[in-house]
Every structure is written in C-alpha cells, then in structure tokens.
$ cat query.txt   # compact mmCIF, C-alpha atoms
# COMPACT_ATOMS: atom_id res chain seq x y z
CA MET A 1 64.40 108.63 -93.82
CA SER A 2 65.81 105.28 -94.88
CA ALA A 3 67.99 102.90 -92.95
CA ARG A 4 69.84 100.24 -94.93
CA ARG A 5 71.20 96.99 -93.56
CA SER A 6 72.73 93.88 -95.09
CA LEU A 7 72.17 91.49 -92.19
CA LEU A 8 72.03 88.00 -93.72
CA LEU A 9 70.45 85.55 -91.34
CA VAL A 10 71.39 81.89 -91.08
CA PRO A 11 68.45 79.62 -91.96
CA LEU A 12 67.31 76.80 -89.75
CA PHE A 13 68.50 74.33 -92.42
CA SER A 14 71.73 75.43 -94.09
CA ALA A 15 72.86 72.56 -96.34
CA CYS A 16 71.33 70.33 -98.96
CA GLU A 17 70.85 66.67 -98.17
CA LEU A 18 70.29 63.95 -100.70
CA LEU A 19 67.19 61.85 -101.01
CA SER A 20 67.13 58.60 -102.97
CA SER A 21 64.01 58.14 -105.03
CA ALA A 22 62.77 56.02 -107.89
CA GLY A 23 63.77 58.74 -110.29
CA GLY A 24 67.31 59.04 -108.99
CA VAL A 25 68.80 61.50 -106.50
CA ALA A 26 66.96 64.70 -105.64
CA ALA A 27 67.88 67.52 -103.30
CA ILE A 28 65.77 67.91 -100.19
CA PRO A 29 64.47 71.51 -100.05
CA VAL A 30 66.26 73.86 -97.67
CA ALA A 31 65.06 77.02 -95.95
CA PRO A 32 65.54 80.33 -97.75
CA THR A 33 67.75 83.09 -96.34
CA LEU A 34 66.50 86.52 -95.35
CA ALA A 35 68.02 89.99 -95.09
CA LEU A 36 66.26 93.17 -93.94
CA ASP A 37 67.69 95.60 -96.46
CA GLU A 38 65.86 98.84 -95.73
CA SER A 39 63.57 100.57 -93.25
CA ALA A 40 62.03 103.76 -94.61
CA LEU A 41 59.55 106.30 -93.31
CA VAL A 42 57.19 106.81 -96.25
CA ALA A 43 54.56 109.21 -94.84
CA ALA A 44 54.48 111.40 -91.75
CA PRO A 45 53.26 114.78 -90.51
CA THR A 46 55.70 117.65 -90.87
CA ALA A 47 57.41 119.05 -87.80
CA ARG A 48 55.28 122.19 -88.21
CA GLU A 49 52.07 120.14 -88.25
CA ILE A 50 53.17 118.33 -85.10
CA ALA A 51 53.91 121.64 -83.39
CA ALA A 52 50.57 123.07 -84.56
CA TRP A 53 48.70 120.05 -83.18
CA TYR A 54 50.22 120.26 -79.70
CA CYS A 55 50.69 124.01 -79.24
CA PRO A 56 47.07 124.71 -78.10
CA GLN A 57 47.25 121.69 -75.77
CA ILE A 58 50.47 122.83 -74.12
CA HIS A 59 49.51 126.49 -73.82
CA GLY A 60 46.10 126.97 -72.27
CA ASP A 61 45.97 130.77 -72.02
CA PRO A 62 43.96 132.49 -74.79
CA ILE A 63 46.78 134.81 -75.90
CA THR A 64 49.31 132.02 -76.47
CA ARG A 65 46.68 129.80 -78.07
CA ALA A 66 45.97 132.57 -80.56
CA LEU A 67 49.72 132.91 -81.13
CA CYS A 68 49.87 129.19 -81.90
CA GLN A 69 47.64 129.61 -84.94
CA SER A 70 49.06 132.89 -86.16
CA THR A 71 52.70 131.79 -85.84
CA ILE A 72 52.65 128.04 -86.50
CA GLY A 73 49.38 127.51 -88.36
CA PRO A 74 45.99 125.85 -87.80
CA VAL A 75 45.64 122.51 -86.06
CA PRO A 76 45.86 119.83 -88.79
CA PRO A 77 43.21 117.10 -89.19
CA GLN A 78 43.98 113.97 -87.20
CA HIS A 79 44.59 111.79 -90.26
CA ARG A 80 47.56 114.01 -91.12
CA MET A 81 49.22 112.95 -87.86
CA GLN A 82 49.75 109.30 -88.84
CA PHE A 83 53.15 107.77 -89.56
CA HIS A 84 53.68 105.03 -92.16
CA PHE A 85 56.88 103.09 -92.79
CA GLU A 86 58.07 100.29 -95.05
CA LEU A 87 60.36 97.32 -94.44
CA ARG A 88 62.15 95.94 -97.49
CA TYR A 89 63.42 92.37 -97.33
CA LEU A 90 65.73 90.54 -99.72
CA ILE A 91 65.20 86.78 -99.87
CA ASP A 92 67.27 84.04 -101.48
CA ASN A 93 65.60 80.74 -102.40
CA PRO A 94 68.24 78.17 -103.36
CA ASN A 95 65.63 75.52 -104.18
CA GLU A 96 64.38 74.38 -107.56
CA ILE A 97 60.80 75.02 -106.41
CA PRO A 98 59.07 78.25 -105.34
CA ILE A 99 58.61 78.82 -101.60
CA PRO A 100 55.56 80.71 -100.23
CA THR A 101 55.68 83.08 -97.26
CA THR A 102 52.78 82.65 -94.87
CA GLU A 103 53.08 84.98 -91.87
CA ILE A 104 55.01 88.06 -90.79
CA LEU A 105 55.74 89.48 -87.35
CA ALA A 106 57.16 92.94 -86.72
CA ALA A 107 58.05 94.50 -83.37
CA LEU A 108 58.95 98.19 -83.29
CA GLU A 109 60.27 100.28 -80.41
CA VAL A 110 59.85 104.04 -80.91
CA PHE A 111 61.92 106.60 -79.04
CA LYS A 112 64.37 103.82 -78.29
CA GLY A 113 66.57 104.63 -75.30
CA ARG A 114 64.34 107.37 -73.89
CA GLU A 115 61.98 107.31 -70.93
CA ILE A 116 58.96 107.51 -73.25
CA MET A 117 60.00 104.42 -75.25
CA GLU A 118 57.08 102.23 -76.32
CA LEU A 119 56.88 98.89 -78.13
CA GLY A 120 54.35 98.01 -80.79
CA ALA A 121 53.92 94.63 -82.46
CA VAL A 122 51.77 93.13 -85.20
CA CYS A 123 51.29 89.61 -86.55
CA ALA A 124 49.73 89.22 -90.00
CA VAL A 125 48.75 86.15 -91.98
CA LEU A 126 49.39 86.55 -95.69
CA CYS A 127 46.50 85.54 -97.93
CA ASN A 128 46.29 82.96 -100.68
CA GLU A 129 45.52 84.39 -104.11
CA GLY A 130 41.79 84.84 -104.56
CA ASP A 131 40.95 84.24 -100.89
CA THR A 132 38.44 87.05 -100.39
CA ALA A 133 37.63 85.90 -96.86
CA CYS A 134 41.21 86.42 -95.67
CA THR A 135 41.65 89.54 -93.53
CA GLY A 136 45.20 88.99 -92.37
CA ALA A 137 44.04 88.43 -88.78
CA PRO A 138 46.26 85.90 -86.97
CA GLY A 139 44.91 82.59 -85.75
CA GLU A 140 45.68 80.72 -82.55
CA ASN A 141 48.99 79.35 -83.85
CA SER A 142 50.06 82.28 -86.03
CA CYS A 143 53.49 83.87 -85.53
CA LYS A 144 54.63 81.23 -83.06
CA ALA A 145 58.09 79.69 -83.20
CA ASP A 146 60.28 77.50 -81.02
CA GLY A 147 63.73 78.59 -79.89
CA ASN A 148 65.04 81.70 -78.16
CA GLU A 149 66.71 82.95 -81.34
CA ILE A 150 63.36 83.46 -83.08
CA THR A 151 60.87 86.12 -82.00
CA SER A 152 57.30 84.90 -81.48
CA PHE A 153 54.25 87.12 -81.15
CA GLU A 154 53.74 86.01 -77.56
CA ASP A 155 57.28 87.21 -76.72
CA VAL A 156 56.31 90.83 -77.39
CA LEU A 157 52.52 90.89 -77.03
CA THR A 158 52.33 91.55 -73.29
CA LYS A 159 54.96 94.30 -73.54
CA SER A 160 53.30 96.10 -76.44
CA LEU A 161 51.21 99.26 -76.39
CA PRO A 162 47.89 98.24 -77.98
CA ASN A 163 47.30 99.59 -81.50
CA LEU A 164 50.71 101.27 -81.76
CA LEU A 165 51.77 99.15 -84.75
CA VAL A 166 49.35 97.96 -87.43
CA LEU A 167 49.62 96.55 -90.94
CA THR A 168 48.95 99.27 -93.51
CA LEU A 169 45.86 98.63 -95.63
CA ASP A 170 45.06 102.22 -96.65
CA ALA A 171 45.16 102.23 -100.47
CA ALA A 172 45.91 105.95 -100.53
CA ILE A 173 49.16 105.28 -98.67
CA ASN A 174 49.86 101.79 -99.92
CA GLY A 175 49.36 102.45 -103.62
CA ASP A 176 49.53 99.20 -105.60
CA LEU A 177 51.36 97.35 -102.83
CA ASP A 178 49.17 94.46 -101.64
CA ASN A 179 50.15 93.98 -98.02
CA LEU A 180 48.11 90.81 -97.51
CA ALA A 181 49.08 88.86 -100.65
CA LYS A 182 51.08 85.68 -100.04
CA ARG A 183 54.55 86.18 -101.49
CA LEU A 184 55.78 83.26 -103.59
CA ILE A 185 59.58 83.33 -103.63
CA PRO A 186 60.59 82.07 -107.10
CA ALA A 187 62.78 79.01 -107.54
CA GLY A 188 66.47 79.93 -107.53
CA ALA A 189 65.71 83.55 -106.59
CA LYS A 190 68.49 85.77 -105.31
CA ASN A 191 67.75 89.08 -103.59
CA PHE A 192 64.03 88.70 -104.28
CA GLU A 193 62.41 91.87 -102.96
CA VAL A 194 59.48 91.76 -100.54
CA ARG A 195 58.11 95.08 -99.26
CA VAL A 196 55.67 95.36 -96.36
CA ARG A 197 54.18 98.61 -95.06
CA PHE A 198 53.10 99.35 -91.53
CA SER A 199 51.39 102.24 -89.75
CA LEU A 200 51.79 103.69 -86.30
CA GLY A 201 48.33 103.92 -84.76
CA VAL A 202 47.46 107.59 -84.68
CA ASP A 203 45.93 107.67 -81.19
CA ALA A 204 48.77 105.69 -79.62
CA MET A 205 51.43 107.77 -81.38
CA LEU A 206 49.77 111.07 -80.42
CA GLU A 207 49.90 109.98 -76.79
CA ILE A 208 53.63 109.23 -77.05
CA LEU A 209 54.50 112.40 -78.97
CA GLY A 210 52.68 114.51 -76.40
CA LYS A 211 55.41 113.60 -73.90
CA THR A 212 58.29 114.91 -76.01
CA VAL A 213 57.24 117.92 -78.12
CA ASP A 214 57.47 120.84 -75.66
CA GLN A 215 60.78 122.00 -77.14
CA LEU A 216 59.49 121.59 -80.69
CA VAL A 217 56.50 123.82 -79.91
CA ASP A 218 58.72 126.45 -78.28
CA ASP A 219 61.00 126.40 -81.33
CA ALA A 220 57.99 126.86 -83.62
CA LEU A 221 56.68 129.82 -81.60
CA SER A 222 60.14 131.41 -81.74
CA ASN A 223 60.57 130.74 -85.49
CA ARG A 224 63.61 128.55 -84.87
CA PRO A 225 64.48 125.59 -87.14
CA LEU A 226 62.20 122.60 -86.61
CA GLU A 227 63.10 118.94 -86.59
CA LEU A 228 61.83 115.92 -84.68
CA GLU A 229 63.96 112.81 -84.25
CA ILE A 230 62.37 109.41 -83.56
CA PRO A 231 64.99 106.79 -82.62
CA TYR A 232 63.65 103.31 -83.19
CA SER A 233 64.51 99.61 -83.16
CA VAL A 234 62.85 96.93 -85.28
CA ARG A 235 62.96 93.14 -85.22
CA GLY A 236 60.69 90.28 -86.15
CA THR A 237 60.17 87.00 -87.95
CA ILE A 238 58.89 85.78 -91.31
CA TRP A 239 57.44 82.29 -91.78
CA PHE A 240 57.77 80.16 -94.92
CA ASP A 241 56.08 76.93 -96.03
CA VAL A 242 58.94 74.73 -97.28
CA PRO A 243 57.99 71.39 -98.88
CA ILE A 244 59.11 68.31 -96.89
CA ILE A 245 60.60 70.51 -94.13
CA GLY A 246 57.31 72.23 -93.33
CA ARG A 247 56.86 75.56 -91.55
CA VAL A 248 60.13 77.48 -91.19
CA ALA A 249 60.71 80.72 -89.25
CA LEU A 250 63.50 83.19 -90.08
CA GLY A 251 64.23 86.10 -87.76
CA TYR A 252 65.50 89.57 -88.65
CA GLY A 253 66.95 92.45 -86.66
CA ALA A 254 67.12 93.92 -84.18
CA PHE A 255 68.75 97.10 -85.36
CA GLU A 256 68.44 100.73 -84.36
CA ASP A 257 68.23 103.92 -86.36
CA VAL A 258 66.49 107.30 -86.38
CA TRP A 259 63.59 108.71 -88.40
CA ARG A 260 63.69 112.47 -88.80
CA VAL A 261 60.93 114.85 -89.83
CA GLY A 262 61.59 118.52 -90.60
CA VAL A 263 59.50 121.57 -91.28
CA ASP A 264 58.74 120.37 -94.84
CA GLY A 265 58.33 116.66 -94.08
CA ILE A 266 60.52 113.56 -93.95
CA VAL A 267 64.27 114.21 -93.86
CA ASP A 268 66.02 111.60 -95.99
CA ALA A 269 69.07 109.77 -94.64
CA ALA A 270 71.22 111.29 -97.40
CA SER A 271 70.22 114.84 -96.49
CA PRO A 272 72.66 116.95 -94.44
$ encode --input "query.txt" --output "structure tokens"
Amino acid sequence: MSARRSLLLVPLFSACELLSSAGGVAAIPVAPTLALDESALVAAPTAREIAAWYCPQIHGDPITRALCQSTIGPVPPQHRMQFHFELRYLIDNPNEIPIPTTEILAALEVFKGREIMELGAVCAVLCNEGDTACTGAPGENSCKADGNEITSFEDVLTKSLPNLLVLTLDAAINGDLDNLAKRLIPAGAKNFEVRVRFSLGVDAMLEILGKTVDQLVDDALSNRPLELEIPYSVRGTIWFDVPIIGRVALGYGAFEDVWRVGVDGIVDAASP
C-alpha cells in the first residue's frame, strides 16, 4: 500500500543573501527544501502466511493444530514474515552547487492508536562514494539537531523497541537501490527523488503481531476473507552539508496512514 503526501517543509534558511567578493556579488548557499512524497509497503507476508504462522501458537490442542495446517497451510519460514517499506522524498536545491545528504533518521510507530502500538527508530550515516569501510553505523554526533521542531535520534531512542526498525541492506529486497550511498542533490534540482528502504525487524514485529492476530486466525480457520491492517505514523529528519552554512537538518512528517495485507499479499491504496 502506498501513502502519498505533498508536505513541503520550510528550510532553516529560506532566502538568499548577497556576499561581496573580489569577483563581484555571489549568492550565499541556502538550505534545500524537502517533501516526503510517498510511503509504500514493498514486501510483506500475506495474511494467510501470518495466520498460518500464529495458528499453532494460539491453538495448543492437537486437533486444532492439525486443522491449522490442513485449512490454512504450513507454517512459513521466518524470513517470509519480514516487512519492508520505502520512503520516497522529493528535494529541491535552489543553489548553483550540488548539496550532499549525510544522515537520515526515521521513526515509525506501528499499530498507531492501539494498545499494542510500538515505536521503532533508526539513524544511518550515508557513505561517501568508494568508502568501503563505511557501514552506515551512526557516530556519537550523528542524527543530532538543535530545536524542538527537528527530531533527533535521542528524542526517540529511549522510547523505541530495539531492532523494530532497521535500514534495509538485503540485496534481494533492495534490488539496485544503494541505501548507504551519499545522495548528491544536483544544482538547481527540483523534485529530485531520493528513495530509502527500511525493514521491520522480524523478531520484534512477530512479537507485536502476536498480540493482534487472534481474529485473523479465526477467520482463516473459518474460510472467511482475510485482511490485516497496520496503522502507522512516520516522521524523521534528513541532514545536508551546505557550503558556508554547514550542517543543516530538515524534518519531515509526522503523518498517519494504514498498510494493508490481504490473502494474496499487499493491498494497494488504489484497490477497493
């Protein structure tokens, strides 16, 4: 399922100033602007696989456990139970020079508004081209920003369920998308697309799902239509290295939507 937004965020520096120099008058660089355009679930277990995973755990008696497999199907392998999603940003760079992105922070609440709601957060450092030693692991000062309007990693770290949200590095899921490469926003770019993929840690997500799937399992055993809804909220910050100005943080979100998975897989937002 995809969720589209056109939330244009005000940069920390919003107007050009003039700088006198030996060569004449030059514009001081300004911060880019950022919009989170889309949030999309790109891989997930089907509702039937979820029901098949939990049915033997919910029903301990041998007869019902046997019915789980004959009616719903065999328990899927654990790797099939992982969720992956993608955030798509659109960035404008009004400057006459390219601007590199350096860090990204994402904070995701799953089952937003329900008693089982959990928060996951991840901070990743984007790598310079050819830096084989870069792993994306944050340093001591990574994903930190001043001001209440900007989300810092420390704002969400203590509230987060460990390993619920991670940066996706699995090539089988990520394809040719390099999640650690430093994005260079071209000079004068408008709506420059940056896509970043994340995963929900399988162990953490299985623990959360186990608190909400009783009805889904009962529906599967009774051959009723299957669908699981995951309401969520996402927010975060992206950092840029702007010449003269220095390190600039732009926030995005928060906004809420719902991912839906049906018996055959992800249910797209445009589907009835």
$ atom_distance --input "query.txt" --atom1 "CA of Trp259 in chain A" --atom2 "CA of Thr168 in chain A"
18.2 Å
$ closest_residue --input "query.txt" --among "A:Glu103, A:Val122, A:Ile238, A:Gly210" --to "Asn141 in chain A" --atoms "all atoms listed in the file"
A:Glu103
$ atom_distance --input "query.txt" --atom1 "CA of Thr132 in chain A" --atom2 "CA of Ile91 in chain A"
26.8 Å
$ closest_residue --input "query.txt" --among "A:Phe85, A:Leu105, A:Thr64, A:Asp178" --to "Glu154 in chain A" --atoms "all atoms listed in the file"
A:Leu105
$ residues_near_point --input "query.txt" --point "(54.5, 80.1, -108.1)" --cutoff "10 Å" --atoms "all atoms listed in the file" --output "PyMOL selection string"
chain A and resi 97-100+183-187
$ closest_residue --input "query.txt" --among "A:Ser233, A:Thr101, A:Gln215, A:Thr151" --to "Ala47 in chain A" --atoms "all atoms listed in the file"
A:Gln215
$ closest_residue --input "query.txt" --among "A:Leu221, A:Ala51, A:Cys134, A:Leu250" --to "Pro32 in chain A" --atoms "only C-alpha atoms"
A:Leu250
$ closest_residue --input "query.txt" --among "A:Pro225, A:Gly120, A:Pro29, A:Gly113" --to "Val258 in chain A" --atoms "only C-alpha atoms"
A:Gly113
$ atom_distance --input "query.txt" --atom1 "CA of Ala181 in chain A" --atom2 "CA of Ala249 in chain A"
18.2 Å
$ closest_residue --input "query.txt" --among "A:Val213, A:Cys127, A:Val248, A:Ile116" --to "Ala52 in chain A" --atoms "all atoms listed in the file"
A:Val213
$ residues_around --input "query.txt" --residues "range 57-62 of chain A" --least-positions-apart "2" --cutoff "12 Å" --atoms "all atoms listed in the file" --output "ChimeraX atom specification"
/A:50-55,64-69,75,206,210-218,221
$ residues_around --input "query.txt" --residues "Gly136 in chain A" --least-positions-apart "3" --cutoff "6 Å" --atoms "only C-alpha atoms" --output "CSV table (one decimal) with C-alpha atoms, in the frame of the given file"
chain,number,residue,atom,x,y,z
A,124,ALA,CA,49.7,89.2,-90.0
A,125,VAL,CA,48.8,86.2,-92.0
A,126,LEU,CA,49.4,86.6,-95.7
$ residues_near_point --input "query.txt" --point "(45.6, 86.7, -100.5)" --cutoff "6 Å" --atoms "all atoms listed in the file" --output "MDAnalysis selection string"
chainID A and resid 127:131 180:182
$ residues_around --input "query.txt" --residues "Lys190 in chain A" --least-positions-apart "6" --cutoff "12 Å" --atoms "all atoms listed in the file" --output "VMD selection string"
chain A and resid 32 to 35 89 to 95
$ residues_around --input "query.txt" --residues "Val156 in chain A" --least-positions-apart "4" --cutoff "10 Å" --atoms "all atoms listed in the file" --output "list in words"
Ala106, Ala107, Leu108, Leu119, Gly120, Ala121, Val122, Thr151, Ser152, Ser160, Leu161 and Gly236 of chain A
